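Colleague: Next comes query-v1.cif, mmCIF, C-alpha atoms:
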data_structure
#
loop_
_atom_site.label_atom_id
_atom_site.label_comp_id
_atom_site.auth_asym_id
_atom_site.auth_seq_id
_atom_site.Cartn_x
_atom_site.Cartn_y
_atom_site.Cartn_z
CA MET A 122 31.05 -6.08 29.20
CA ASN A 123 27.82 -7.63 30.34
CA VAL A 124 27.40 -11.29 29.34
CA LEU A 125 23.82 -10.90 28.08
CA ALA A 126 24.78 -8.02 25.82
CA THR A 127 27.68 -10.05 24.44
CA THR A 128 25.54 -13.08 23.58
CA SER A 129 22.86 -10.95 21.93
CA SER A 130 25.53 -9.20 19.87
CA LEU A 131 26.95 -12.63 18.94
CA ARG A 132 23.50 -13.86 17.90
CA SER A 133 23.09 -10.75 15.76
CA ARG A 134 26.48 -11.35 14.16
CA LEU A 135 25.48 -14.91 13.34
CA ARG A 136 22.37 -13.62 11.57
CA LEU A 137 24.56 -11.22 9.61
CA TRP A 138 27.20 -13.80 8.66
CA ARG A 139 26.64 -13.23 4.96
CA CYS A 140 27.59 -9.55 5.23
CA ALA A 141 31.12 -8.68 4.14
CA GLU A 142 31.63 -6.27 7.06
CA VAL A 143 29.73 -5.72 10.30
CA GLY A 144 30.68 -2.94 12.74
CA ASP A 145 30.52 -2.98 16.56
CA SER A 146 27.44 -4.03 18.54
CA PRO A 147 24.91 -4.94 15.82
CA ALA A 148 21.38 -5.66 17.07
CA VAL A 149 19.19 -7.90 14.92
CA THR A 150 15.78 -9.20 15.93
CA GLY A 151 13.77 -11.58 13.76
CA ARG A 152 14.44 -12.92 10.30
CA ILE A 153 16.82 -11.19 7.95
CA TRP A 154 17.17 -12.17 4.29
CA ILE A 155 20.60 -11.53 2.91
CA ARG A 156 20.75 -12.42 -0.75
CA GLY A 157 22.80 -12.00 -3.92
CA GLY A 158 26.53 -12.34 -4.46
CA GLY A 159 27.41 -8.70 -3.75
CA ARG A 160 29.01 -6.97 -0.74
CA ILE A 161 27.06 -5.66 2.23
CA ARG A 162 28.87 -3.45 4.73
CA LEU A 163 27.24 -2.40 8.00
CA GLY A 164 28.55 0.35 10.28
CA ASP A 165 28.62 0.35 14.10
CA ARG A 166 25.51 -0.13 16.25
CA VAL A 167 23.19 -0.92 13.33
CA ARG A 168 19.76 -2.05 14.57
CA ILE A 169 17.55 -4.23 12.39
CA ASP A 170 14.16 -4.94 13.93
CA ALA A 171 12.63 -7.68 11.81
CA GLY A 172 10.51 -9.03 14.66
CA ALA A 173 7.17 -8.47 12.94
CA ALA A 174 8.20 -8.98 9.30
CA PRO A 175 11.53 -9.94 7.68
CA VAL A 176 14.07 -7.43 6.38
CA GLU A 177 15.77 -8.02 3.04
CA LEU A 178 19.24 -6.84 2.06
CA HIS A 179 19.90 -7.92 -1.52
CA ALA A 180 23.16 -6.99 -3.24
CA GLY A 181 23.43 -8.53 -6.70
CA PRO A 182 26.73 -9.79 -8.17
CA GLY A 183 29.31 -6.98 -8.08
CA ALA A 184 26.89 -4.67 -6.27
CA GLU A 185 27.36 -3.04 -2.88
CA ILE A 186 25.07 -1.97 -0.04
CA VAL A 187 26.71 0.34 2.50
CA ILE A 188 24.82 1.09 5.72
CA GLY A 189 26.30 3.69 8.07
CA ASP A 190 26.65 3.86 11.86
CA ASP A 191 23.58 3.93 14.14
CA VAL A 192 21.14 3.16 11.33
CA HIS A 193 17.76 1.68 12.31
CA ILE A 194 15.82 -0.53 9.88
CA SER A 195 12.27 -1.74 10.66
CA GLY A 196 10.51 -4.93 9.55
CA GLY A 197 9.24 -5.50 6.02
CA THR A 198 11.89 -3.22 4.54
CA SER A 199 13.76 -4.31 1.43
CA VAL A 200 17.00 -2.78 0.16
CA GLU A 201 18.02 -4.03 -3.28
CA ALA A 202 21.24 -3.04 -5.03
CA GLN A 203 22.28 -4.12 -8.50
CA GLU A 204 25.11 -1.56 -8.41
CA SER A 205 25.16 0.61 -5.28
CA VAL A 206 22.88 1.73 -2.44
CA THR A 207 24.38 3.85 0.33
CA ILE A 208 22.51 4.69 3.54
CA GLY A 209 24.19 7.38 5.66
CA ASP A 210 24.82 7.45 9.41
CA ARG A 211 21.89 7.71 11.85
CA CYS A 212 19.17 7.12 9.21
CA ARG A 213 15.84 5.58 10.25
CA ILE A 214 14.20 3.34 7.67
CA GLU A 215 10.62 2.60 8.74
CA ALA A 216 8.50 -0.50 8.18
CA PHE A 217 7.82 -1.94 4.72
CA SER A 218 9.82 0.68 2.84
CA LYS A 219 11.73 -0.18 -0.32
CA ILE A 220 15.04 1.19 -1.59
CA LEU A 221 16.30 0.01 -4.97
CA ASP A 222 18.77 1.14 -7.64
CA ASN A 223 17.27 -0.70 -10.62
CA HIS A 224 13.80 -0.74 -12.15
CA PHE A 225 14.44 -4.36 -13.25
CA HIS A 226 12.23 -3.98 -16.34
CA PRO A 227 12.02 -1.36 -19.10
CA LEU A 228 8.70 0.42 -19.64
CA GLN A 229 8.43 -0.88 -23.18
CA GLY A 230 9.96 -3.54 -25.36
CA ASP A 231 11.28 -6.81 -23.94
CA ARG A 232 10.52 -6.51 -20.24
CA ARG A 233 12.94 -9.34 -19.42
CA VAL A 234 15.92 -7.16 -20.31
CA LYS A 235 17.13 -5.38 -17.19
CA PRO A 236 17.81 -1.65 -17.65
CA PRO A 237 21.05 -0.09 -16.32
CA SER A 238 21.22 0.71 -12.61
CA ALA A 239 21.33 4.20 -11.11
CA PRO A 240 22.99 4.30 -7.66
CA VAL A 241 20.96 5.53 -4.69
CA VAL A 242 22.37 7.67 -1.89
CA VAL A 243 20.39 8.29 1.29
CA GLY A 244 22.11 11.12 3.15
CA ALA A 245 22.92 10.96 6.87
CA ASP A 246 20.16 11.63 9.44
CA THR A 247 17.42 10.94 6.89
CA SER A 248 14.16 9.37 7.98
CA VAL A 249 12.30 7.23 5.47
CA GLY A 250 8.65 6.77 6.47
CA SER A 251 6.84 3.44 6.35
CA ARG A 252 5.89 2.10 2.91
CA ALA A 253 7.95 4.83 1.22
CA ILE A 254 9.72 3.85 -2.00
CA ILE A 255 13.12 5.24 -3.00
CA LEU A 256 13.60 4.67 -6.72
CA PRO A 257 16.82 4.33 -8.79
CA GLY A 258 18.96 7.45 -9.11
CA ALA A 259 17.50 9.13 -6.00
CA ARG A 260 19.98 11.16 -3.95
CA LEU A 261 18.51 12.35 -0.68
CA PRO A 262 20.45 15.20 0.97
CA PRO A 263 21.37 14.76 4.67
CA GLY A 264 18.46 15.26 7.06
CA THR A 265 15.71 14.59 4.50
CA VAL A 266 12.31 13.56 5.85
CA VAL A 267 10.49 11.19 3.48
CA ARG A 268 6.85 10.96 4.56
CA PRO A 269 5.14 7.53 4.75
CA GLY A 270 4.00 6.11 1.40
CA VAL A 271 5.91 8.71 -0.62
CA VAL A 272 7.71 7.66 -3.82
CA VAL A 273 11.06 9.38 -4.43
CA ARG A 274 12.45 9.17 -7.95
CA GLY A 275 15.80 10.07 -9.42
CA PRO A 276 16.37 12.91 -11.91
CA ALA A 277 14.75 12.63 -15.36
CA SER A 278 17.99 11.67 -17.01
CA ALA A 279 18.61 8.72 -14.67
CA ALA A 280 18.30 5.13 -15.78
CA ALA A 281 14.52 5.26 -15.44
CA ASN A 282 13.94 6.33 -18.99
CA ARG A 283 17.09 5.19 -20.69
CA PRO A 284 16.85 2.22 -23.00
CA ALA A 285 18.50 -0.97 -21.82
CA GLU A 286 22.20 -1.15 -22.65
CA ASP A 287 24.29 -4.25 -23.02
CA ASP A 288 26.73 -3.84 -20.16
CA GLY A 289 28.50 -7.12 -20.88
CA LEU A 290 27.23 -8.44 -17.57
CA SER A 291 23.63 -8.75 -18.55
CA SER A 292 23.74 -12.44 -19.42
CA GLU A 293 25.46 -13.27 -16.12
CA ARG A 294 23.10 -11.02 -14.19
CA ARG A 295 20.15 -12.35 -16.09
CA ALA A 296 20.99 -15.82 -14.89
CA THR A 297 21.03 -14.69 -11.26
CA SER A 298 17.82 -12.69 -11.23
CA PRO A 299 15.19 -14.92 -9.63
CA ILE A 300 12.44 -13.72 -11.95
CA LEU A 301 14.42 -14.46 -15.07
CA ARG A 302 15.78 -17.67 -13.66
CA ALA A 303 12.17 -18.60 -13.12
CA LEU A 304 11.51 -18.03 -16.78
CA GLU A 305 14.73 -19.45 -18.20
CA VAL A 306 15.04 -22.87 -19.69
CA VAL A 307 17.74 -24.79 -17.83
CA ARG A 308 20.87 -25.62 -19.79
CA GLY A 309 23.65 -27.64 -18.18
CA ASP A 310 23.20 -26.19 -14.70
CA PRO A 311 22.53 -29.01 -12.20
CA ILE A 312 21.87 -26.81 -9.14
CA GLY A 313 19.58 -24.54 -11.12
CA ALA A 314 17.90 -27.55 -12.68
CA THR A 315 17.26 -29.12 -9.28
CA ARG A 316 15.91 -25.86 -7.93
CA GLN A 317 13.69 -25.50 -10.97
CA ALA A 318 12.41 -29.06 -10.63
CA LEU A 319 11.65 -28.45 -6.94
CA ALA A 320 9.84 -25.22 -7.79
CA ILE A 321 7.73 -27.02 -10.38
CA LEU A 322 6.90 -29.80 -7.88
CA ARG A 323 6.09 -27.22 -5.21
CA ALA A 324 3.75 -25.46 -7.65
CA ARG A 325 2.00 -28.76 -8.41
CA PHE A 326 1.40 -29.26 -4.72
CA LEU A 327 0.38 -25.65 -3.95
CA PHE A 328 -2.02 -25.32 -6.86
CA ARG A 329 -3.41 -28.85 -6.60
CA GLY A 330 -6.98 -27.58 -6.15
CA CYS A 331 -6.74 -25.20 -9.12
CA GLU A 332 -7.29 -25.60 -12.85
CA ARG A 333 -3.72 -25.21 -13.99
CA GLY A 334 -1.52 -25.32 -17.05
CA ALA A 335 1.81 -27.09 -17.41
CA ARG A 336 5.14 -26.07 -15.83
CA LEU A 337 3.97 -23.66 -13.18
CA TYR A 338 6.84 -22.41 -11.02
CA ALA A 339 6.76 -21.62 -7.30
CA GLY A 340 10.16 -20.44 -6.08
CA GLY A 341 8.90 -19.71 -2.56
CA ARG A 342 5.91 -19.70 -0.30
CA VAL A 343 2.49 -19.09 -1.88
CA ARG A 344 -0.70 -19.02 0.17
CA VAL A 345 -3.52 -20.43 -1.92
CA VAL A 346 -7.04 -20.29 -0.50
CA ASN A 347 -9.47 -21.65 -3.04
CA HIS A 348 -13.18 -21.80 -2.26
CA GLY A 349 -14.17 -20.82 -5.80
CA ARG A 350 -12.44 -21.36 -9.11
CA ILE A 351 -8.76 -20.51 -9.63
CA LEU A 352 -7.35 -20.92 -13.13
CA ILE A 353 -3.63 -20.50 -13.77
CA GLY A 354 -2.16 -20.54 -17.28
CA GLU A 355 0.95 -22.56 -18.17
CA ARG A 356 4.44 -21.41 -17.20
CA SER A 357 3.22 -18.79 -14.78
CA ALA A 358 5.77 -18.17 -12.04
CA PHE A 359 5.62 -17.26 -8.37
CA VAL A 360 9.07 -16.00 -7.56
CA GLY A 361 8.97 -16.12 -3.77
CA GLY A 362 10.87 -14.00 -1.27
CA MET A 363 10.62 -12.69 2.25
CA ILE A 364 6.80 -12.43 2.32
CA PRO A 365 4.51 -15.13 0.85
CA THR A 366 2.55 -14.45 -2.31
CA GLU A 367 -1.20 -14.88 -1.85
CA LEU A 368 -4.08 -16.01 -4.09
CA ILE A 369 -7.47 -16.00 -2.39
CA CYS A 370 -10.66 -16.97 -4.18
CA HIS A 371 -13.90 -16.85 -2.21
CA ARG A 372 -17.01 -19.02 -2.66
CA GLY A 373 -18.54 -18.62 -6.11
CA ALA A 374 -15.73 -16.35 -7.31
CA THR A 375 -13.30 -16.76 -10.21
CA LEU A 376 -9.63 -15.84 -10.14
CA GLU A 377 -7.94 -16.26 -13.49
CA VAL A 378 -4.25 -15.85 -14.35
CA GLY A 379 -3.06 -16.08 -17.96
CA GLU A 380 0.00 -18.01 -19.13
CA ARG A 381 3.56 -16.86 -18.41
CA SER A 382 2.56 -14.29 -15.82
CA VAL A 383 5.03 -13.62 -13.00
CA PHE A 384 4.25 -12.80 -9.36
CA ASN A 385 6.88 -11.37 -7.05
CA TYR A 386 6.91 -11.94 -3.26
CA GLY A 387 4.15 -10.46 -1.13
CA ALA A 388 1.79 -9.85 -4.07
CA SER A 389 -1.77 -10.48 -2.94
CA VAL A 390 -4.77 -11.11 -5.20
CA GLU A 391 -8.19 -11.65 -3.67
CA ALA A 392 -11.39 -12.41 -5.61
CA TYR A 393 -14.91 -12.17 -4.17
CA GLY A 394 -16.52 -12.07 -7.64
CA SER A 395 -14.06 -11.99 -10.50
CA VAL A 396 -10.41 -11.01 -10.92
CA ARG A 397 -8.81 -11.71 -14.29
CA ILE A 398 -5.10 -11.28 -14.97
CA GLY A 399 -3.93 -11.65 -18.57
CA ARG A 400 -0.97 -13.33 -20.22
CA ARG A 401 2.65 -12.30 -19.59
CA CYS A 402 1.69 -9.92 -16.79
CA MET A 403 4.14 -9.03 -14.03
CA LEU A 404 3.03 -8.25 -10.48
CA GLY A 405 5.72 -6.65 -8.33
CA SER A 406 6.36 -7.26 -4.65
CA SER A 407 3.58 -6.26 -2.24
CA VAL A 408 1.12 -5.44 -5.04
CA ARG A 409 -2.49 -5.72 -3.86
CA ILE A 410 -5.51 -6.45 -6.06
CA SER A 411 -9.01 -7.06 -4.71
CA ASP A 412 -12.50 -6.76 -6.18
CA LEU A 413 -14.36 -6.00 -2.93
CA SER A 414 -15.16 -2.39 -2.07
CA PRO A 415 -17.50 -0.93 0.56
CA GLN A 416 -19.98 -0.45 -2.32
CA GLY A 417 -19.89 -4.13 -3.22
CA ILE A 418 -18.08 -6.42 -5.62
CA ALA A 419 -16.69 -4.92 -8.84
CA PRO A 420 -14.63 -7.13 -11.18
CA VAL A 421 -10.99 -6.32 -11.86
CA VAL A 422 -9.54 -7.00 -15.31
CA ILE A 423 -5.80 -6.80 -16.04
CA LEU A 424 -5.18 -7.35 -19.74
CA ASP A 425 -2.11 -8.95 -21.36
CA ASP A 426 1.47 -7.71 -20.87
CA VAL A 427 0.68 -5.41 -17.94
CA TRP A 428 3.41 -4.65 -15.40
CA ILE A 429 2.28 -3.55 -11.94
CA ALA A 430 5.31 -2.37 -9.98
CA HIS A 431 6.16 -2.76 -6.27
CA GLY A 432 3.61 -1.71 -3.71
CA ALA A 433 0.87 -0.58 -6.11
CA THR A 434 -2.82 -1.12 -5.32
CA VAL A 435 -5.50 -1.78 -7.95
CA GLU A 436 -8.94 -0.88 -6.64
CA PRO A 437 -12.17 -2.81 -7.36
CA GLY A 438 -13.84 -2.25 -10.75
CA VAL A 439 -10.66 -1.22 -12.54
CA THR A 440 -9.63 -2.44 -16.00
CA ILE A 441 -5.99 -2.04 -17.00
CA GLY A 442 -5.38 -2.00 -20.76
CA GLU A 443 -2.91 -4.11 -22.68
CA GLY A 444 0.79 -3.37 -22.26
CA SER A 445 0.27 -0.73 -19.58
CA VAL A 446 2.50 -0.09 -16.59
CA VAL A 447 1.41 0.88 -13.07
CA SER A 448 4.29 2.63 -11.35
CA ALA A 449 5.54 1.70 -7.89
CA GLY A 450 3.35 2.71 -4.96
CA SER A 451 0.46 3.96 -7.11
CA VAL A 452 -3.20 3.55 -6.23
CA VAL A 453 -5.29 2.91 -9.36
CA ARG A 454 -8.94 3.92 -9.01
CA ARG A 455 -9.96 4.44 -12.64
CA ASP A 456 -9.48 2.38 -15.79
CA VAL A 457 -6.06 2.62 -17.41
CA PRO A 458 -6.04 2.82 -21.24
CA PRO A 459 -3.81 0.40 -23.20
CA ARG A 460 -0.07 1.18 -23.46
CA SER A 461 -0.20 3.79 -20.72
CA LEU A 462 1.69 4.55 -17.56
CA ALA A 463 -0.42 5.03 -14.42
CA ALA A 464 1.29 6.88 -11.56
CA GLY A 465 0.35 8.55 -8.29
CA ASN A 466 -2.37 8.31 -5.66
CA PRO A 467 -4.95 8.45 -7.13
CA ALA A 468 -3.15 7.39 -10.31
CA ARG A 469 -3.18 9.53 -13.44
CA CYS A 470 -2.43 8.07 -16.83
CA LEU A 471 0.01 9.01 -19.51
CA SER A 472 0.52 7.38 -22.89
CA LEU A 473 3.70 5.27 -22.75
CA GLY A 474 4.79 7.20 -25.85
CA LEU A 475 5.21 10.21 -23.56
CA ALA A 476 7.06 8.24 -20.90
CA VAL A 477 9.69 6.51 -23.03
CA PRO A 478 12.32 8.29 -25.14
CA ARG A 479 11.91 7.59 -28.83
CA ALA A 480 15.11 5.54 -29.02
CA ALA A 481 13.67 3.05 -26.58
CA ARG A 482 10.32 2.69 -28.27
CA THR A 483 9.43 -0.37 -30.21
CA ASP A 484 6.43 1.03 -32.10
CA MET B 28 3.59 36.36 -22.20
CA THR B 29 2.47 33.96 -24.90
CA LEU B 30 1.26 30.47 -24.09
CA GLN B 31 4.54 29.02 -25.40
CA GLN B 32 6.55 31.29 -23.13
CA ARG B 33 4.49 30.43 -20.05
CA VAL B 34 4.86 26.68 -20.65
CA LYS B 35 8.58 27.11 -21.30
CA GLN B 36 8.95 29.13 -18.10
CA PHE B 37 7.18 26.40 -16.12
CA ILE B 38 9.55 23.77 -17.50
CA LEU B 39 12.63 25.93 -16.85
CA ASP B 40 11.45 26.61 -13.28
CA ASN B 41 10.64 23.02 -12.43
CA PHE B 42 13.14 20.77 -14.17
CA TYR B 43 16.92 20.56 -14.27
CA LEU B 44 18.01 22.11 -17.55
CA SER B 45 21.63 22.87 -18.17
CA ASP B 46 20.90 25.28 -21.01
CA GLY B 47 17.52 27.01 -21.32
CA ALA B 48 18.40 28.45 -24.72
CA SER B 49 18.42 24.97 -26.29
CA LEU B 50 14.75 24.48 -25.38
CA GLY B 51 12.88 25.42 -28.56
CA ASP B 52 9.21 25.06 -29.46
CA ASP B 53 10.03 21.87 -31.39
CA THR B 54 12.44 20.26 -28.90
CA SER B 55 11.13 16.88 -27.77
CA LEU B 56 10.83 17.10 -24.01
CA ILE B 57 10.92 13.31 -23.73
CA ALA B 58 13.64 12.25 -26.18
CA GLU B 59 16.02 14.88 -24.82
CA GLY B 60 15.45 13.55 -21.28
CA LEU B 61 14.29 16.98 -20.10
CA VAL B 62 11.06 15.77 -18.57
CA ASP B 63 10.37 12.23 -17.35
CA SER B 64 7.01 10.54 -16.98
CA THR B 65 6.26 12.00 -13.53
CA GLY B 66 7.45 15.38 -14.80
CA MET B 67 5.02 15.10 -17.69
CA LEU B 68 2.22 14.50 -15.18
CA GLU B 69 3.32 17.71 -13.44
CA VAL B 70 3.18 19.56 -16.76
CA ILE B 71 -0.37 18.27 -17.30
CA GLY B 72 -1.34 19.37 -13.77
CA PHE B 73 0.08 22.82 -14.54
CA LEU B 74 -1.90 23.10 -17.80
CA GLU B 75 -5.10 22.07 -16.03
CA SER B 76 -4.78 24.57 -13.19
CA GLU B 77 -3.38 27.40 -15.33
CA TYR B 78 -5.80 27.17 -18.26
CA GLY B 79 -8.82 25.55 -16.60
CA ILE B 80 -8.86 22.62 -18.99
CA ALA B 81 -9.34 18.92 -18.21
CA VAL B 82 -6.90 16.61 -19.98
CA ARG B 83 -8.44 13.19 -20.59
CA ASP B 84 -6.31 10.03 -20.29
CA ASP B 85 -6.60 9.37 -24.03
CA GLU B 86 -5.31 12.86 -24.82
CA THR B 87 -1.95 12.29 -23.08
CA THR B 88 -0.18 11.38 -26.32
CA PRO B 89 3.07 12.55 -27.93
CA GLU B 90 0.95 14.22 -30.67
CA ASN B 91 -0.53 16.57 -28.05
CA LEU B 92 2.25 17.01 -25.52
CA GLU B 93 5.70 16.08 -26.81
CA THR B 94 6.97 19.60 -27.56
CA ILE B 95 6.15 23.09 -26.30
CA GLY B 96 4.68 23.92 -29.72
CA ARG B 97 2.35 20.91 -29.59
CA ILE B 98 1.37 21.68 -25.99
CA ALA B 99 0.45 25.25 -27.00
CA ARG B 100 -1.64 24.08 -29.98
CA PHE B 101 -3.33 21.46 -27.78
CA VAL B 102 -4.19 23.98 -25.03
CA GLU B 103 -5.51 26.48 -27.62
CA ARG B 104 -7.72 23.79 -29.12
CA LYS B 105 -9.00 22.71 -25.70
CA THR B 106 -9.83 26.24 -24.54
CA ARG B 107 -11.55 26.95 -27.90
CA ASP B 108 -13.61 23.74 -27.60
CA ALA B 109 -14.51 24.60 -24.02
CA ALA B 110 -15.63 28.11 -25.07
CA ALA B 111 -17.68 26.73 -27.99
CA SER B 112 -19.57 24.17 -25.93
#
Would you encode the structure as structure tokens?

Modeller:
Amino acid sequence: MNVLATTSSLRSRLRLWRCAEVGDSPAVTGRIWIRGGGRIRLGDRVRIDAGAAPVELHAGPGAEIVIGDDVHISGGTSVEAQESVTIGDRCRIEAFSKILDNHFHPLQGDRRVKPPSAPVVVGADTSVGSRAIILPGARLPPGTVVRPGVVVRGPASAAANRPAEDDGLSSERRATSPILRALEVVRGDPIGATRQALAILRARFLFRGCERGARLYAGGRVRVVNHGRILIGERSAFVGGMIPTELICHRGATLEVGERSVFNYGASVEAYGSVRIGRRCMLGSSVRISDLSPQGIAPVVILDDVWIAHGATVEPGVTIGEGSVVSAGSVVRRDVPPRSLAAGNPARCLSLGLAVPRAARTD
Amino acid sequence: MTLQQRVKQFILDNFYLSDGASLGDDTSLIAEGLVDSTGMLEVIGFLESEYGIAVRDDETTPENLETIGRIARFVERKTRDAAAS
């Protein structure tokens, strides 16, 4: 065997050292984030090209990610398993796509309680286009072509709509979820306490030019560009992850975030005039909000208790009502009434009462 | 075919139902897990194209759309209103 090939394979193996099993001749370029206490098994000749943006493989405690032979994964992609994600042989997963087996939050009620997982199976020879999202419970037959930006959901009866169940693991899992850890009060956990203290110090440094409340949390990189006025309410959290979160406020503009709001990695909020985010809001990974359109500046208002899921875009001039949910990958162009679910591109709205089975409702 | 039958046929054709006979006019499409949120958006799209009505965001409530019976009454009301105006 050629010496160069051997060293590059060795380098790739080093980058994959956290995986439980790695097959022959792996090829990894760039940064790979392997997280969680679960098992990750890679087949032979897996190629991960994270040269332009990192790739995340996250298997939570007791969960498993299985990736078949000759699979190719491009940069910016995130695979998250809380129970099981299986990717068949010879699949191609294009840039910035997301595959996950848990919605992480229920549509209604206490959004900190994680709903049950629904395993995802991506059949062999499937191609997943860039920015596509494969939701919990999805089972793609072999040879499926998922076009770029498409959202694939599981069947209606999958975990999506079921109320959260106590699976006996929830308290343990709750403690390991970065979002919830960010929100939890530390009790007798020195490593967690140190991490929390560091995150609070980091937030003080990052948001030093902002008007800010107490106990802000920054678990990872946040890019703050403040030429206007940024206000952040107390106990808001920036979870961190493979892509920095971004708050940009231009000259003369106001960017306001209410207390106890949570931002996942890669979320980007940019204000040219005014962007207001309410209390207890949750912005998923790679969510984008900006108030500048080709027609000019139009303020964006996100009211309290709104959850905007992974990869959604909120367009300028939009107001999202209290308690509403924007589903993953949606593009919101019109106002969303309170307690509604907005889905699709362009997004259509549905009363949450029609999206949640009665047993799971709180009203 | 009555309005109820057409809506029921659409649901039977488009969603996984183990037993079509159990789908009555008063069966909750949501609570029984027959139709999820995206499915409900498909049902609304079907009503709009089939009956030429426009469903406003604030009309997408359980009172109007939770069962086939309610959907039928809602569509009848909408088409009547459209004809009157």

Colleague: Got a sec: who's within 6 Å of A:Gly209, counting all atoms listed in the file, leaving out chain neighbours fewer than 4 positions off, as a PyMOL selection string?

Modeller: chain A and resi 189+243-245

Colleague: Using only C-alpha atoms, please write the residues we just selected to a file, as a PDB file, keeping the file's coordinate frame.

Modeller:
ATOM      1  CA  GLY A 189      26.300   3.690   8.070  1.00  0.00           C
ATOM      2  CA  VAL A 243      20.390   8.290   1.290  1.00  0.00           C
ATOM      3  CA  GLY A 244      22.110  11.120   3.150  1.00  0.00           C
ATOM      4  CA  ALA A 245      22.920  10.960   6.870  1.00  0.00           C
TER       5      ALA A 245
END

Colleague: (3.7, 25.7, -16.7) in this file's frame - what residues fall within 8 Å of it? Use all atoms listed in the file and give the answer as a PDB file with C-alpha atoms, keeping the file's coordinate frame.

Modeller:
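The resulting file, selection10.pdb, is reproduced below:
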ATOM      1  CA  ARG B  33       4.490  30.430 -20.050  1.00  0.00           C
ATOM      2  CA  VAL B  34       4.860  26.680 -20.650  1.00  0.00           C
ATOM      3  CA  LYS B  35       8.580  27.110 -21.300  1.00  0.00           C
ATOM      4  CA  GLN B  36       8.950  29.130 -18.100  1.00  0.00           C
ATOM      5  CA  PHE B  37       7.180  26.400 -16.120  1.00  0.00           C
ATOM      6  CA  ILE B  38       9.550  23.770 -17.500  1.00  0.00           C
ATOM      7  CA  VAL B  70       3.180  19.560 -16.760  1.00  0.00           C
ATOM      8  CA  PHE B  73       0.080  22.820 -14.540  1.00  0.00           C
ATOM      9  CA  LEU B  74      -1.900  23.100 -17.800  1.00  0.00           C
ATOM     10  CA  GLU B  77      -3.380  27.400 -15.330  1.00  0.00           C
TER      11      GLU B  77
END

Colleague: Hey, can you check how far atom CA of A:Leu125 sits from atom CA of A:Cys140?

Modeller: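 Atom-to-atom, atom CA of A:Leu125 and atom CA of A:Cys140 are spaced 23.2 Å apart.
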
Colleague: Return as a VMD selection string the set of residues that the PyMOL selection byres ((chain A and resi 133) around 8) yields on the displayed structure.

Modeller: chain A and resid 129 to 132 134 to 137 147 to 150

Colleague: Name the residues that the PyMOL selection byres ((chain B and resi 47-55) around 6) pulls out of this structure, and write them as a list of chain:residue names.

Modeller: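 So the PyMOL selection byres ((chain B and resi 47-55) around 6), applied here, picks out B:Asp46, B:Leu56, B:Ile57, B:Ala58, B:Glu93, B:Thr94, B:Ile95, B:Gly96.
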
Colleague: Restricting the calculation to only C-alpha atoms, which member of A:Ser205, A:Ser238, A:Ser395, A:Ser448 is positioned closest to chain B?

Modeller: A:Ser448

Colleague: Given a cut-off of 12 Å, which residues of chain B touch chain A, counting all atoms listed in the file, written out as a PyMOL selection string?

Modeller: chain B and resi 41-45+55-72+82-94

Colleague: Which residue gives the smallest distance to A:Trp428 among A:Pro257, A:Gly250, A:Gly196, A:Pro227, with only C-alpha atoms counted?

Modeller: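 With only C-alpha atoms as the atom set, the closest residue is A:Pro227.
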